[in-house]
>>> print(open('data_28.json').read())   # JSON, C-alpha atoms
[["chain", "number", "residue", "atom", "x", "y", "z"],
["X", 1, "MET", "CA", 98.11, 39.68, 339.64],
["X", 2, "SER", "CA", 99.26, 40.58, 336.16],
["X", 3, "THR", "CA", 100.60, 44.01, 335.28],
["X", 4, "LYS", "CA", 97.46, 44.77, 333.28],
["X", 5, "ASP", "CA", 95.25, 43.78, 336.22],
["X", 6, "GLU", "CA", 97.27, 45.92, 338.58],
["X", 7, "LEU", "CA", 97.12, 48.82, 336.15],
["X", 8, "ARG", "CA", 93.35, 48.46, 335.87],
["X", 9, "GLN", "CA", 93.02, 48.44, 339.67],
["X", 10, "ILE", "CA", 95.19, 51.54, 339.99],
["X", 11, "GLU", "CA", 93.10, 53.37, 337.39],
["X", 12, "GLU", "CA", 89.93, 52.48, 339.33],
["X", 13, "ASP", "CA", 91.51, 53.66, 342.59],
["X", 14, "LEU", "CA", 92.64, 56.91, 340.97],
["X", 15, "GLU", "CA", 89.16, 57.58, 339.62],
["X", 16, "ARG", "CA", 87.59, 56.92, 343.04],
["X", 17, "LEU", "CA", 90.13, 59.02, 344.95],
["X", 18, "ARG", "CA", 89.83, 61.95, 342.54],
["X", 19, "ALA", "CA", 86.04, 61.91, 342.86],
["X", 20, "GLU", "CA", 86.23, 61.74, 346.66],
["X", 21, "ASN", "CA", 88.75, 64.57, 346.70],
["X", 22, "ARG", "CA", 86.51, 66.75, 344.53],
["X", 23, "ASP", "CA", 83.58, 66.04, 346.84],
["X", 24, "ILE", "CA", 85.55, 66.93, 349.96],
["X", 25, "ARG", "CA", 86.80, 70.17, 348.46],
["X", 26, "GLU", "CA", 83.28, 71.09, 347.33],
["X", 27, "GLN", "CA", 82.00, 70.44, 350.85],
["X", 28, "ILE", "CA", 84.73, 72.68, 352.24],
["X", 29, "ARG", "CA", 83.78, 75.48, 349.84],
["X", 30, "ASP", "CA", 80.11, 75.12, 350.73],
["X", 31, "MET", "CA", 80.70, 75.15, 354.49],
["X", 32, "GLY", "CA", 81.14, 78.88, 354.80],
["X", 33, "VAL", "CA", 81.82, 79.99, 358.35],
["X", 34, "THR", "CA", 81.63, 76.84, 360.43],
["X", 35, "ASP", "CA", 83.71, 74.87, 362.85],
["X", 36, "GLN", "CA", 87.30, 75.67, 361.89],
["X", 37, "ILE", "CA", 88.61, 72.43, 363.42],
["X", 38, "GLU", "CA", 86.29, 70.36, 361.24],
["X", 39, "LYS", "CA", 87.24, 72.41, 358.19],
["X", 40, "ALA", "CA", 90.97, 71.97, 358.91],
["X", 41, "SER", "CA", 90.45, 68.23, 359.31],
["X", 42, "MET", "CA", 88.71, 68.01, 355.96],
["X", 43, "ILE", "CA", 91.46, 70.02, 354.27],
["X", 44, "SER", "CA", 94.05, 67.71, 355.79],
["X", 45, "GLN", "CA", 92.13, 64.67, 354.53],
["X", 46, "ALA", "CA", 91.92, 66.15, 351.03],
["X", 47, "ASP", "CA", 95.66, 66.90, 351.05],
["X", 48, "GLU", "CA", 96.45, 63.32, 352.12],
["X", 49, "GLN", "CA", 94.35, 62.05, 349.23],
["X", 50, "VAL", "CA", 96.33, 64.24, 346.82],
["X", 51, "GLU", "CA", 99.50, 62.54, 348.07],
["X", 52, "LEU", "CA", 97.94, 59.10, 347.56],
["X", 53, "ILE", "CA", 96.87, 60.11, 344.06],
["X", 54, "ALA", "CA", 100.41, 61.24, 343.24],
["X", 55, "ASP", "CA", 101.84, 57.93, 344.51],
["X", 56, "LEU", "CA", 99.34, 55.94, 342.46],
["X", 57, "GLU", "CA", 100.10, 58.01, 339.36],
["X", 58, "LEU", "CA", 103.81, 57.21, 339.77],
["X", 59, "ARG", "CA", 103.00, 53.51, 340.13],
["X", 60, "ARG", "CA", 100.72, 53.67, 337.08],
["X", 61, "ASP", "CA", 103.43, 55.35, 335.00],
["X", 62, "TRP", "CA", 105.93, 52.71, 336.04],
["X", 63, "LEU", "CA", 103.50, 49.92, 335.07],
["X", 64, "LEU", "CA", 102.79, 51.57, 331.72],
["X", 65, "GLN", "CA", 106.50, 51.75, 331.05],
["X", 66, "ARG", "CA", 106.83, 48.08, 331.95],
["X", 67, "LEU", "CA", 104.05, 47.19, 329.52],
["X", 68, "ALA", "CA", 105.63, 49.30, 326.79],
["X", 69, "GLU", "CA", 108.87, 47.39, 327.27],
["X", 70, "GLY", "CA", 106.99, 44.14, 326.78],
["X", 71, "LYS", "CA", 107.28, 42.83, 330.34],
["X", 72, "LYS", "CA", 104.23, 41.22, 331.92]]
>>> encode(input="data_28.json", output="structure tokens")
Amino acid sequence: MSTKDELRQIEEDLERLRAENRDIREQIRDMGVTDQIEKASMISQADEQVELIADLELRRDWLLQRLAEGKK
């Protein structure tokens, strides 16, 4: 897989994860008073996605730097 292909895949993954994370957080806000265990689980899932997003952003930045340096 070329650097550009990998970068494109990371951008797609970031877009998908960000959308999923927004959806989860909206669901949490809309839940109101419900099962606290379920709510905590959803918050934990959203937080894990934020970590994945941060990791992918670091990888993306590294790939962009590689491309800027002319490496493929």
>>> residues_around(input="data_28.json", residues="Glu6 in chain X", least_positions_apart="5", cutoff="9 Å", atoms="only C-alpha atoms", output="PyMOL selection string")
chain X and resi 1+11+60+63
>>> residues_around(input="data_28.json", residues="Leu14 in chain X", least_positions_apart="3", cutoff="8 Å", atoms="all atoms listed in the file", output="ChimeraX atom specification")
/X:10-11,17-18,53,56-57
>>> write_last_selection(input="data_28.json", atoms="C-alpha atoms", output="mmCIF file, in the frame of the given file")
data_model
loop_
_atom_site.group_PDB
_atom_site.id
_atom_site.type_symbol
_atom_site.label_atom_id
_atom_site.label_comp_id
_atom_site.auth_asym_id
_atom_site.auth_seq_id
_atom_site.Cartn_x
_atom_site.Cartn_y
_atom_site.Cartn_z
ATOM 1 C CA ILE X 10 95.190 51.540 339.990
ATOM 2 C CA GLU X 11 93.100 53.370 337.390
ATOM 3 C CA LEU X 17 90.130 59.020 344.950
ATOM 4 C CA ARG X 18 89.830 61.950 342.540
ATOM 5 C CA ILE X 53 96.870 60.110 344.060
ATOM 6 C CA LEU X 56 99.340 55.940 342.460
ATOM 7 C CA GLU X 57 100.100 58.010 339.360
#
>>> residues_around(input="data_28.json", residues="Ile43 in chain X", least_positions_apart="5", cutoff="9 Å", atoms="only C-alpha atoms", output="mmCIF file with C-alpha atoms, in the frame of the given file")
data_model
loop_
_atom_site.group_PDB
_atom_site.id
_atom_site.type_symbol
_atom_site.label_atom_id
_atom_site.label_comp_id
_atom_site.auth_asym_id
_atom_site.auth_seq_id
_atom_site.Cartn_x
_atom_site.Cartn_y
_atom_site.Cartn_z
ATOM 1 C CA ILE X 24 85.550 66.930 349.960
ATOM 2 C CA ARG X 25 86.800 70.170 348.460
ATOM 3 C CA ILE X 28 84.730 72.680 352.240
ATOM 4 C CA GLU X 38 86.290 70.360 361.240
ATOM 5 C CA GLU X 48 96.450 63.320 352.120
#
>>> atom_distance(input="data_28.json", atom1="CA of Lys39 in chain X", atom2="CA of Glu15 in chain X")
23.8 Å
>>> atom_distance(input="data_28.json", atom1="CA of Asn21 in chain X", atom2="CA of Val50 in chain X")
7.6 Å
>>> atom_distance(input="data_28.json", atom1="CA of Ser2 in chain X", atom2="CA of Arg66 in chain X")
11.5 Å
>>> axis_aligned_box(input="data_28.json", around="range 45-61 of chain X", padding_each_side="3 Å", output="JSON")
{"center_x": 97.9, "center_y": 60.2, "center_z": 344.8, "size_x": 17.9, "size_y": 19.4, "size_z": 25.5}
>>> closest_residue(input="data_28.json", among="X:Leu52, X:Ile37, X:Met31, X:Ala46", to="Asp13 in chain X", atoms="all atoms listed in the file")
X:Leu52
>>> closest_residue(input="data_28.json", among="X:Asp35, X:Asp30, X:Asp55, X:Asp61", to="Leu7 in chain X", atoms="only C-alpha atoms")
X:Asp61
